[in-house]
Amino acid sequence: MRTGFVLGDNIRTGLSNYKIKLQTENACLYYGKFQALRNITLRIPERSITAIIGPSGCGKSSFLRIFNRMNDLITGARVEGKVELDGQLIYEAHFDIVELRKKVGMVFQKPNPFPMSIYDNIAFGPKQHNRYTKSELDKIVESSLKQAALWDEVKDKLGQSALGLSGGQQQRLCIARVLAVEPEVILMDEPCSALDPAATLRIEDLMRTLAELYTIVIVTHNMQQAARVSDTAAFFMMASDRAGELVEYGSTSQIFTNPRDKRTEDYITGCFG
Amino acid sequence: MRLNPRISQKIAKTVIWFAAIVVLVLLFSIIIYILSKGIPNITWQFLTEIPSDMGRSGGILSCIVGTLSVTLVATVVATPLGVGTAFYLTEYTHESIVTKIIRFSAESLAGIPSIVYGLFGFIFFVIYLKLGWSILSGGLTLAMMILPTIIRTSEEAIHTVHPMYREVSFSLGGTKWQTMIKILIPSALPGIATGIILGIGRCVAETAAVILTAGSALQMPVSIFSPARTMAVHFYILARESISLEKAFATAALLIILILIINIGANILVNRFVAKSH
């Protein structure tokens, strides 16, 4: 793989060589009485890209939102089992949810800059957490936009509305907005599904660069994208009661070339062929 | 018998047009009638003097001041309460029996006749709290009266802000309060302002509730504890007691102009704000 790490056949022993950033153990998610996810056990290694794949409605996005507790916003949503960030249980009552979301940023499906200037979009996160001087904020804005490979395109129009940018630029702006908070993990929920192929490739390049510093978890419907960018892949499917289950998890090369589960193979070949 | 769709369409169109035209004609004939009768009587003296001889001569400066100050008190009190309640209902709580009770109360408050507010204000503010007939009593009574409007319109304005922006703000580690101040209020401001403007309009025009709480004194108010006569009350007394029809029409015309100025001014402010943030 491009990052130079290959997982062994056995997920547990294979991953034990790498520092685990995120981990779930028998995680279940309920929306009221409906069970959306059942017994998900998964370990996500640090500074890598993990792709969550599977058919629509199998709970991929819901699973992603477990890690920054976005499901808390939904009335009746409840998580059981263990969910850990750096070995700390994030659903413990005393866990600081603001600290969690500072460490675990999120990029959404649709590019969604605030109706403000480019500068204010990037400065929004940092301003909520600290008092910065103007020059400190300037630095944060510049470095975040540079990291998101957008600086050269927008440096002369930072005061203009972010809504005037193209879809691909808007999505990179949203990535820069997350980077400005200095996260450790970036969750991406189908970040390219609203973009054209050229913009998609730019985001994928960016993801590879970012994976040297950040742990990235991406939900995608695009099998080629998962194969291109990710180091590890998790295949989810819906059980007969519509609860999402983890079918198979391993290195991306193993999942795509030598899937152990018949259902994974059917899905991957179905999508390619 | 089934009507030919083309004919039924024609009939429907005629009826709808007729309804719209009747409304327009009614509205404009009232405005034009009052302005044409009133404007000739609006003189510099009328605007800058306080009434003398029960309003037969002199101006209505004290009434203009009375109207503006009662309205100001009502708006300053009702806006934070109303907007705060709207945010509580939309952001700080889930739908429950409590929110249903609050909404039901607000809607019931909106249906109470203003004279009943006046009576309550008289008993509670004027007598029980010993505030007397004053700008404060009048303003507080009007604040209660416009509260439901502000709550309702603010709530609707907050609902129209795309839920996505909330999610993004929370995902960046923003708290509910930060999300409200930085994202929701700026986006919902035009709607919230509409509610406040509607409230201001009601305050300026209200008669029954004010006459019982702010009184009908003709002298210039000196503080919020002074009694005051608003323009609407002044108009009512001038017309009801046949004191001076010319002065009554002039007052009414000025009242209409004042409401137009408030509406247009507020619209300009809101539009400027929206243009700045987008």
# chains A, B, ... in the order shown; residues from 1 in each chain; ligands from 1
$ closest_atom_pairs --of "chain B" --to "chain A" --cutoff "10 Å" --atoms "only C-alpha atoms" --output "Markdown table"
| residue | atom | partner | partner_atom | distance |
| --- | --- | --- | --- | --- |
| B:His94 | CA | A:Thr75 | CA | 7.4 |
| B:Glu95 | CA | A:Thr75 | CA | 9.3 |
| B:Met164 | CA | A:Asn112 | CA | 7.6 |
| B:Tyr165 | CA | A:Phe114 | CA | 6.9 |
| B:Arg166 | CA | A:Leu73 | CA | 9.7 |
| B:Glu167 | CA | A:Met70 | CA | 7.6 |
| B:Val168 | CA | A:Met106 | CA | 7.9 |
| B:Ser169 | CA | A:Gly125 | CA | 7.8 |
| B:Phe170 | CA | A:Arg101 | CA | 7.7 |
| B:Ser171 | CA | A:Arg101 | CA | 5.7 |
| B:Leu172 | CA | A:Gly125 | CA | 5.6 |
| B:Gly173 | CA | A:Val98 | CA | 4.7 |
| B:Gly174 | CA | A:Gln128 | CA | 6.1 |
| B:Thr175 | CA | A:Val98 | CA | 7.2 |
| B:Gln178 | CA | A:Gln128 | CA | 7.0 |
| B:Thr179 | CA | A:Gln128 | CA | 9.3 |
| B:Lys182 | CA | A:Phe124 | CA | 8.7 |
| B:Ile183 | CA | A:Phe114 | CA | 8.1 |
| B:Pro186 | CA | A:Pro115 | CA | 9.7 |
| B:Ser187 | CA | A:Pro115 | CA | 8.5 |
| B:Lys276 | CA | A:Met116 | CA | 9.0 |
| B:Ser277 | CA | A:Met116 | CA | 5.8 |
| B:His278 | CA | A:Pro115 | CA | 5.6 |
$ select_by_dssp --residues "segment 14-154 of chain A" --states "alpha helix (DSSP H)" --output "ChimeraX atom specification"
/A:14-15,60-64,97-103,118-129,134-147,151-154
$ atom_distance --atom1 "atom CA of Gly244 of chain A" --atom2 "atom CA of Cys58 of chain A"
4.7 Å
$ select_by_dssp --residues "segment 153-266 of chain A" --states "strand (DSSP E or B)" --output "number ranges by chain"
A: 161, 185-189, 215-219, 232-238, 244-251
$ write_last_selection --atoms "C-alpha atoms" --output "mmCIF file, in the first residue's frame"
data_model
loop_
_atom_site.group_PDB
_atom_site.id
_atom_site.type_symbol
_atom_site.label_atom_id
_atom_site.label_comp_id
_atom_site.auth_asym_id
_atom_site.auth_seq_id
_atom_site.Cartn_x
_atom_site.Cartn_y
_atom_site.Cartn_z
ATOM 1 C CA SER A 161 -18.590 34.792 0.452
ATOM 2 C CA VAL A 185 -9.326 12.273 13.498
ATOM 3 C CA ILE A 186 -11.319 13.372 10.424
ATOM 4 C CA LEU A 187 -14.584 11.623 9.680
ATOM 5 C CA MET A 188 -15.741 11.949 6.083
ATOM 6 C CA ASP A 189 -19.292 11.084 5.139
ATOM 7 C CA THR A 215 -6.582 9.368 11.168
ATOM 8 C CA ILE A 216 -9.242 9.422 8.473
ATOM 9 C CA VAL A 217 -12.437 7.371 8.377
ATOM 10 C CA ILE A 218 -14.414 7.687 5.163
ATOM 11 C CA VAL A 219 -17.852 6.405 4.238
ATOM 12 C CA THR A 232 -8.158 -0.670 5.612
ATOM 13 C CA ALA A 233 -11.745 -1.330 4.648
ATOM 14 C CA ALA A 234 -14.813 -2.447 6.575
ATOM 15 C CA PHE A 235 -17.763 -3.975 4.785
ATOM 16 C CA PHE A 236 -21.170 -3.436 6.399
ATOM 17 C CA MET A 237 -24.477 -5.069 5.532
ATOM 18 C CA MET A 238 -28.030 -4.987 6.732
ATOM 19 C CA GLY A 244 -26.374 -2.902 10.216
ATOM 20 C CA GLU A 245 -23.668 -5.482 10.874
ATOM 21 C CA LEU A 246 -19.956 -5.653 10.184
ATOM 22 C CA VAL A 247 -19.358 -8.458 7.707
ATOM 23 C CA GLU A 248 -15.657 -8.191 7.136
ATOM 24 C CA TYR A 249 -12.772 -5.937 8.079
ATOM 25 C CA GLY A 250 -9.197 -6.070 6.852
ATOM 26 C CA SER A 251 -6.560 -4.385 4.747
#
$ residues_around --residues "Met144 of chain B" --least-positions-apart "5" --cutoff "12 Å" --atoms "only C-alpha atoms" --output "ChimeraX atom specification"
/B:73-79,81-82,105-106,109-110,112,114,116-118,120-121,125,137-139,149-151,199,202-203,209
$ residues_around --residues "Lys134 of chain A" --least-positions-apart "5" --cutoff "12 Å" --atoms "only C-alpha atoms" --output "MDAnalysis selection string"
chainID A and resid 119:120 123 126:127 139:141
$ write_last_selection --atoms "N, CA, C and O atoms" --output "PDB file, in the first residue's frame"
ATOM      1  N   TYR A 119     -12.780  33.567   4.981  1.00  0.00           N
ATOM      2  CA  TYR A 119     -11.991  33.749   6.204  1.00  0.00           C
ATOM      3  C   TYR A 119     -12.806  33.359   7.442  1.00  0.00           C
ATOM      4  O   TYR A 119     -12.346  32.587   8.286  1.00  0.00           O
ATOM      5  N   ASP A 120     -14.037  33.885   7.529  1.00  0.00           N
ATOM      6  CA  ASP A 120     -14.862  33.630   8.715  1.00  0.00           C
ATOM      7  C   ASP A 120     -15.229  32.155   8.849  1.00  0.00           C
ATOM      8  O   ASP A 120     -15.382  31.644   9.953  1.00  0.00           O
ATOM      9  N   ALA A 123     -12.169  30.599  10.390  1.00  0.00           N
ATOM     10  CA  ALA A 123     -11.917  31.105  11.744  1.00  0.00           C
ATOM     11  C   ALA A 123     -13.024  30.695  12.719  1.00  0.00           C
ATOM     12  O   ALA A 123     -12.843  30.795  13.930  1.00  0.00           O
ATOM     13  N   PRO A 126     -11.856  27.785  15.489  1.00  0.00           N
ATOM     14  CA  PRO A 126     -10.886  28.288  16.470  1.00  0.00           C
ATOM     15  C   PRO A 126     -11.472  29.352  17.397  1.00  0.00           C
ATOM     16  O   PRO A 126     -11.211  29.344  18.592  1.00  0.00           O
ATOM     17  N   LYS A 127     -12.313  30.238  16.837  1.00  0.00           N
ATOM     18  CA  LYS A 127     -12.877  31.319  17.653  1.00  0.00           C
ATOM     19  C   LYS A 127     -13.786  30.790  18.757  1.00  0.00           C
ATOM     20  O   LYS A 127     -13.974  31.460  19.766  1.00  0.00           O
ATOM     21  N   LYS A 139      -2.866  33.500  10.733  1.00  0.00           N
ATOM     22  CA  LYS A 139      -1.951  32.361  10.537  1.00  0.00           C
ATOM     23  C   LYS A 139      -2.721  31.046  10.447  1.00  0.00           C
ATOM     24  O   LYS A 139      -2.425  30.201   9.600  1.00  0.00           O
ATOM     25  N   ILE A 140      -3.691  30.872  11.351  1.00  0.00           N
ATOM     26  CA  ILE A 140      -4.477  29.639  11.349  1.00  0.00           C
ATOM     27  C   ILE A 140      -5.199  29.490  10.017  1.00  0.00           C
ATOM     28  O   ILE A 140      -5.190  28.421   9.396  1.00  0.00           O
ATOM     29  N   VAL A 141      -5.817  30.589   9.553  1.00  0.00           N
ATOM     30  CA  VAL A 141      -6.578  30.546   8.299  1.00  0.00           C
ATOM     31  C   VAL A 141      -5.643  30.176   7.151  1.00  0.00           C
ATOM     32  O   VAL A 141      -5.950  29.288   6.336  1.00  0.00           O
TER      33      VAL A 141
END
$ atom_distance --atom1 "atom CA of Glu25 of chain A" --atom2 "atom CA of Val83 of chain A"
6.5 Å
$ residues_around --residues "segment 61-64 of chain B" --least-positions-apart "5" --cutoff "12 Å" --atoms "only C-alpha atoms" --output "number ranges by chain"
B: 42-52, 55, 69-71, 135, 204, 214-222, 226-235, 251-252, 254-255, 258
$ write_last_selection --atoms "N, CA and C atoms" --output "compact mmCIF listing (two decimals), in the first residue's frame"
# COMPACT_ATOMS: atom_id res chain seq x y z
N ILE B 42 -51.52 68.75 9.37
CA ILE B 42 -50.23 68.53 10.03
C ILE B 42 -49.34 69.73 9.73
N THR B 43 -49.12 70.55 10.77
CA THR B 43 -48.27 71.73 10.60
C THR B 43 -47.06 71.59 11.52
N TRP B 44 -46.11 72.47 11.37
CA TRP B 44 -44.93 72.46 12.22
C TRP B 44 -45.34 72.60 13.69
N GLN B 45 -46.31 73.50 13.90
CA GLN B 45 -46.82 73.72 15.25
C GLN B 45 -47.42 72.42 15.83
N PHE B 46 -48.15 71.69 14.97
CA PHE B 46 -48.80 70.44 15.39
C PHE B 46 -47.76 69.42 15.86
N LEU B 47 -46.62 69.43 15.20
CA LEU B 47 -45.58 68.45 15.52
C LEU B 47 -44.74 68.85 16.74
N THR B 48 -44.65 70.15 17.03
CA THR B 48 -43.68 70.60 18.03
C THR B 48 -44.29 71.15 19.30
N GLU B 49 -45.64 71.25 19.37
CA GLU B 49 -46.24 71.77 20.59
C GLU B 49 -47.00 70.69 21.32
N ILE B 50 -47.16 70.88 22.63
CA ILE B 50 -48.00 69.92 23.34
C ILE B 50 -49.44 70.40 23.25
N PRO B 51 -50.41 69.50 23.40
CA PRO B 51 -51.82 69.88 23.21
C PRO B 51 -52.25 70.89 24.26
N SER B 52 -53.11 71.81 23.85
CA SER B 52 -53.71 72.71 24.83
C SER B 52 -55.22 72.72 24.62
N GLY B 55 -56.78 69.51 23.64
CA GLY B 55 -56.44 69.01 22.31
C GLY B 55 -57.10 69.79 21.20
N SER B 69 -42.25 56.12 23.53
CA SER B 69 -41.64 55.55 24.73
C SER B 69 -42.37 54.31 25.21
N VAL B 70 -43.70 54.29 25.12
CA VAL B 70 -44.44 53.08 25.50
C VAL B 70 -44.02 51.92 24.60
N THR B 71 -43.91 52.20 23.29
CA THR B 71 -43.52 51.16 22.33
C THR B 71 -42.11 50.66 22.61
N ILE B 135 -45.77 55.20 31.70
CA ILE B 135 -45.18 54.61 30.50
C ILE B 135 -44.75 53.17 30.80
N VAL B 204 -47.87 50.58 18.59
CA VAL B 204 -48.13 51.94 18.15
C VAL B 204 -49.63 52.17 17.99
N ALA B 214 -51.43 53.38 30.79
CA ALA B 214 -50.53 54.54 30.70
C ALA B 214 -51.29 55.84 30.98
N GLY B 215 -52.60 55.75 30.97
CA GLY B 215 -53.41 56.92 31.26
C GLY B 215 -53.65 57.78 30.04
N SER B 216 -54.08 59.01 30.26
CA SER B 216 -54.35 59.88 29.11
C SER B 216 -53.91 61.30 29.40
N ALA B 217 -52.83 61.44 30.20
CA ALA B 217 -52.34 62.76 30.57
C ALA B 217 -51.80 63.49 29.35
N LEU B 218 -52.04 64.79 29.31
CA LEU B 218 -51.61 65.56 28.14
C LEU B 218 -50.23 66.16 28.29
N GLN B 219 -49.74 66.28 29.54
CA GLN B 219 -48.43 66.93 29.69
C GLN B 219 -47.30 66.03 29.21
N MET B 220 -46.16 66.66 28.97
CA MET B 220 -45.00 65.95 28.46
C MET B 220 -44.46 64.99 29.52
N PRO B 221 -44.34 63.68 29.21
CA PRO B 221 -43.78 62.75 30.19
C PRO B 221 -42.30 63.06 30.45
N VAL B 222 -41.87 62.91 31.70
CA VAL B 222 -40.47 63.22 32.01
C VAL B 222 -39.66 61.96 32.33
N SER B 226 -43.83 58.54 34.42
CA SER B 226 -44.85 59.55 34.15
C SER B 226 -46.00 58.91 33.39
N PRO B 227 -47.21 59.42 33.63
CA PRO B 227 -48.33 59.00 32.79
C PRO B 227 -48.16 59.61 31.39
N ALA B 228 -48.77 58.99 30.41
CA ALA B 228 -48.63 59.53 29.05
C ALA B 228 -49.87 59.19 28.25
N ARG B 229 -50.11 60.01 27.22
CA ARG B 229 -51.20 59.72 26.30
C ARG B 229 -50.56 59.37 24.96
N THR B 230 -50.92 58.20 24.42
CA THR B 230 -50.35 57.85 23.12
C THR B 230 -51.19 58.48 22.01
N MET B 231 -50.66 58.47 20.80
CA MET B 231 -51.38 59.07 19.67
C MET B 231 -52.71 58.37 19.43
N ALA B 232 -52.70 57.02 19.55
CA ALA B 232 -53.95 56.29 19.31
C ALA B 232 -55.00 56.70 20.35
N VAL B 233 -54.57 56.82 21.60
CA VAL B 233 -55.50 57.22 22.66
C VAL B 233 -55.99 58.65 22.42
N HIS B 234 -55.05 59.52 22.03
CA HIS B 234 -55.39 60.90 21.74
C HIS B 234 -56.45 60.98 20.64
N PHE B 235 -56.22 60.23 19.59
CA PHE B 235 -57.18 60.18 18.48
C PHE B 235 -58.54 59.72 18.97
N THR B 251 -53.87 63.47 13.65
CA THR B 251 -53.22 62.47 14.49
C THR B 251 -53.21 61.10 13.81
N ALA B 252 -54.36 60.73 13.24
CA ALA B 252 -54.46 59.43 12.57
C ALA B 252 -53.49 59.36 11.39
N LEU B 254 -50.72 60.99 11.01
CA LEU B 254 -49.36 60.89 11.53
C LEU B 254 -49.07 59.46 12.02
N LEU B 255 -50.08 58.85 12.62
CA LEU B 255 -49.95 57.47 13.10
C LEU B 255 -49.64 56.53 11.94
N LEU B 258 -46.16 57.17 10.73
CA LEU B 258 -45.18 56.61 11.67
C LEU B 258 -45.02 55.11 11.45
$ residues_around --residues "Glu91 of chain B" --least-positions-apart "2" --cutoff "9 Å" --atoms "only C-alpha atoms" --output "PyMOL selection string"
chain B and resi 86-89+93-94+158+176+180
$ write_last_selection --atoms "N, CA and C atoms" --output "short mmCIF file (atom, residue, chain, number, x, y, z; two decimals), in the first residue's frame"
data_model
loop_
_atom_site.label_atom_id
_atom_site.label_comp_id
_atom_site.auth_asym_id
_atom_site.auth_seq_id
_atom_site.Cartn_x
_atom_site.Cartn_y
_atom_site.Cartn_z
N ALA B 86 -38.55 31.34 22.11
CA ALA B 86 -38.51 30.65 20.82
C ALA B 86 -37.29 29.74 20.75
N PHE B 87 -36.13 30.22 21.21
CA PHE B 87 -34.92 29.39 21.20
C PHE B 87 -35.05 28.22 22.17
N TYR B 88 -35.68 28.48 23.32
CA TYR B 88 -35.89 27.37 24.25
C TYR B 88 -36.71 26.28 23.57
N LEU B 89 -37.80 26.69 22.92
CA LEU B 89 -38.71 25.73 22.30
C LEU B 89 -38.04 24.96 21.17
N THR B 93 -34.88 22.13 24.05
CA THR B 93 -35.75 21.10 24.62
C THR B 93 -36.29 20.22 23.50
N HIS B 94 -36.70 19.03 23.85
CA HIS B 94 -37.34 18.16 22.87
C HIS B 94 -38.84 18.39 22.96
N ILE B 158 -36.45 30.40 13.12
CA ILE B 158 -35.37 29.49 13.54
C ILE B 158 -35.52 28.15 12.84
N LYS B 176 -24.19 24.76 22.22
CA LYS B 176 -25.51 25.22 21.80
C LYS B 176 -25.57 26.74 21.77
N MET B 180 -26.12 29.15 18.62
CA MET B 180 -27.25 30.06 18.58
C MET B 180 -26.81 31.48 18.22
#
$ decode --residues "segment 41-160 of chain B" --atoms "C-alpha atoms" --output "tab-separated table (two decimals), in the first residue's frame"
chain	number	residue	atom	x	y	z
B	41	ASN	CA	-53.77	69.72	9.27
B	42	ILE	CA	-50.23	68.53	10.03
B	43	THR	CA	-48.27	71.73	10.60
B	44	TRP	CA	-44.93	72.46	12.22
B	45	GLN	CA	-46.82	73.72	15.25
B	46	PHE	CA	-48.80	70.44	15.39
B	47	LEU	CA	-45.58	68.45	15.52
B	48	THR	CA	-43.68	70.60	18.03
B	49	GLU	CA	-46.24	71.77	20.59
B	50	ILE	CA	-48.00	69.92	23.34
B	51	PRO	CA	-51.82	69.88	23.21
B	52	SER	CA	-53.71	72.71	24.83
B	53	ASP	CA	-57.40	73.18	25.59
B	54	MET	CA	-57.93	69.38	25.78
B	55	GLY	CA	-56.44	69.01	22.31
B	56	ARG	CA	-58.58	71.59	20.53
B	57	SER	CA	-55.48	73.60	19.78
B	58	GLY	CA	-51.73	73.14	20.02
B	59	GLY	CA	-49.90	70.07	18.78
B	60	ILE	CA	-49.35	66.47	19.81
B	61	LEU	CA	-45.65	66.38	20.69
B	62	SER	CA	-46.31	64.82	24.11
B	63	CYS	CA	-48.44	62.12	22.43
B	64	ILE	CA	-45.68	61.34	19.92
B	65	VAL	CA	-43.19	61.02	22.78
B	66	GLY	CA	-45.72	58.93	24.73
B	67	THR	CA	-46.29	56.56	21.80
B	68	LEU	CA	-42.60	56.10	21.10
B	69	SER	CA	-41.64	55.55	24.73
B	70	VAL	CA	-44.44	53.08	25.50
B	71	THR	CA	-43.52	51.16	22.33
B	72	LEU	CA	-39.82	51.23	23.19
B	73	VAL	CA	-40.43	49.81	26.68
B	74	ALA	CA	-42.68	47.08	25.27
B	75	THR	CA	-40.18	46.11	22.57
B	76	VAL	CA	-37.17	46.11	24.89
B	77	VAL	CA	-39.00	43.87	27.35
B	78	ALA	CA	-40.77	41.55	24.91
B	79	THR	CA	-37.95	40.93	22.41
B	80	PRO	CA	-35.48	39.07	24.68
B	81	LEU	CA	-38.32	37.18	26.38
B	82	GLY	CA	-39.97	36.21	23.08
B	83	VAL	CA	-36.80	35.32	21.21
B	84	GLY	CA	-35.49	33.49	24.27
B	85	THR	CA	-38.67	31.44	24.53
B	86	ALA	CA	-38.51	30.65	20.82
B	87	PHE	CA	-34.92	29.39	21.20
B	88	TYR	CA	-35.89	27.37	24.25
B	89	LEU	CA	-38.71	25.73	22.30
B	90	THR	CA	-36.63	24.96	19.20
B	91	GLU	CA	-33.12	24.34	20.52
B	92	TYR	CA	-33.02	23.63	24.21
B	93	THR	CA	-35.75	21.10	24.62
B	94	HIS	CA	-37.34	18.16	22.87
B	95	GLU	CA	-41.01	18.12	21.93
B	96	SER	CA	-42.84	17.27	25.12
B	97	ILE	CA	-45.91	18.09	27.15
B	98	VAL	CA	-44.10	21.20	28.47
B	99	THR	CA	-43.43	22.64	24.99
B	100	LYS	CA	-47.03	21.90	24.03
B	101	ILE	CA	-48.25	23.80	27.11
B	102	ILE	CA	-45.97	26.77	26.30
B	103	ARG	CA	-47.15	26.87	22.67
B	104	PHE	CA	-50.79	26.53	23.68
B	105	SER	CA	-50.42	29.33	26.23
B	106	ALA	CA	-48.75	31.59	23.68
B	107	GLU	CA	-51.50	30.95	21.16
B	108	SER	CA	-54.20	31.56	23.76
B	109	LEU	CA	-52.49	34.81	24.79
B	110	ALA	CA	-52.61	35.91	21.16
B	111	GLY	CA	-56.37	35.48	21.11
B	112	ILE	CA	-57.16	37.55	24.23
B	113	PRO	CA	-58.81	40.91	23.44
B	114	SER	CA	-56.55	43.87	24.17
B	115	ILE	CA	-59.05	45.41	26.62
B	116	VAL	CA	-58.54	42.32	28.82
B	117	TYR	CA	-54.78	42.91	28.75
B	118	GLY	CA	-55.56	46.49	29.68
B	119	LEU	CA	-57.66	45.41	32.64
B	120	PHE	CA	-54.99	42.97	33.82
B	121	GLY	CA	-52.28	45.60	33.39
B	122	PHE	CA	-54.38	48.08	35.34
B	123	ILE	CA	-54.94	45.70	38.24
B	124	PHE	CA	-51.45	44.18	38.30
B	125	PHE	CA	-49.02	46.92	37.24
B	126	VAL	CA	-50.95	50.10	38.02
B	127	ILE	CA	-52.54	49.09	41.32
B	128	TYR	CA	-50.84	45.98	42.75
B	129	LEU	CA	-47.27	46.92	41.84
B	130	LYS	CA	-48.11	50.59	42.52
B	131	LEU	CA	-46.57	51.73	39.22
B	132	GLY	CA	-49.54	54.01	38.64
B	133	TRP	CA	-50.64	55.16	35.22
B	134	SER	CA	-47.25	55.32	33.59
B	135	ILE	CA	-45.18	54.61	30.50
B	136	LEU	CA	-43.76	51.61	32.39
B	137	SER	CA	-47.19	50.09	33.14
B	138	GLY	CA	-48.32	50.69	29.56
B	139	GLY	CA	-45.11	49.29	28.09
B	140	LEU	CA	-45.19	46.15	30.24
B	141	THR	CA	-48.83	45.52	29.35
B	142	LEU	CA	-48.07	45.90	25.64
B	143	ALA	CA	-45.03	43.62	26.05
B	144	MET	CA	-47.32	40.82	27.25
B	145	MET	CA	-49.61	41.49	24.34
B	146	ILE	CA	-46.96	41.27	21.61
B	147	LEU	CA	-45.07	38.36	23.19
B	148	PRO	CA	-47.03	35.62	21.35
B	149	THR	CA	-46.37	37.24	17.97
B	150	ILE	CA	-42.64	37.48	18.63
B	151	ILE	CA	-42.44	33.89	19.92
B	152	ARG	CA	-44.36	32.50	16.96
B	153	THR	CA	-42.49	34.34	14.19
B	154	SER	CA	-39.09	33.77	15.81
B	155	GLU	CA	-39.81	30.08	16.18
B	156	GLU	CA	-40.74	29.81	12.52
B	157	ALA	CA	-37.63	31.79	11.50
B	158	ILE	CA	-35.37	29.49	13.54
B	159	HIS	CA	-37.02	26.44	12.00
B	160	THR	CA	-36.18	27.67	8.50
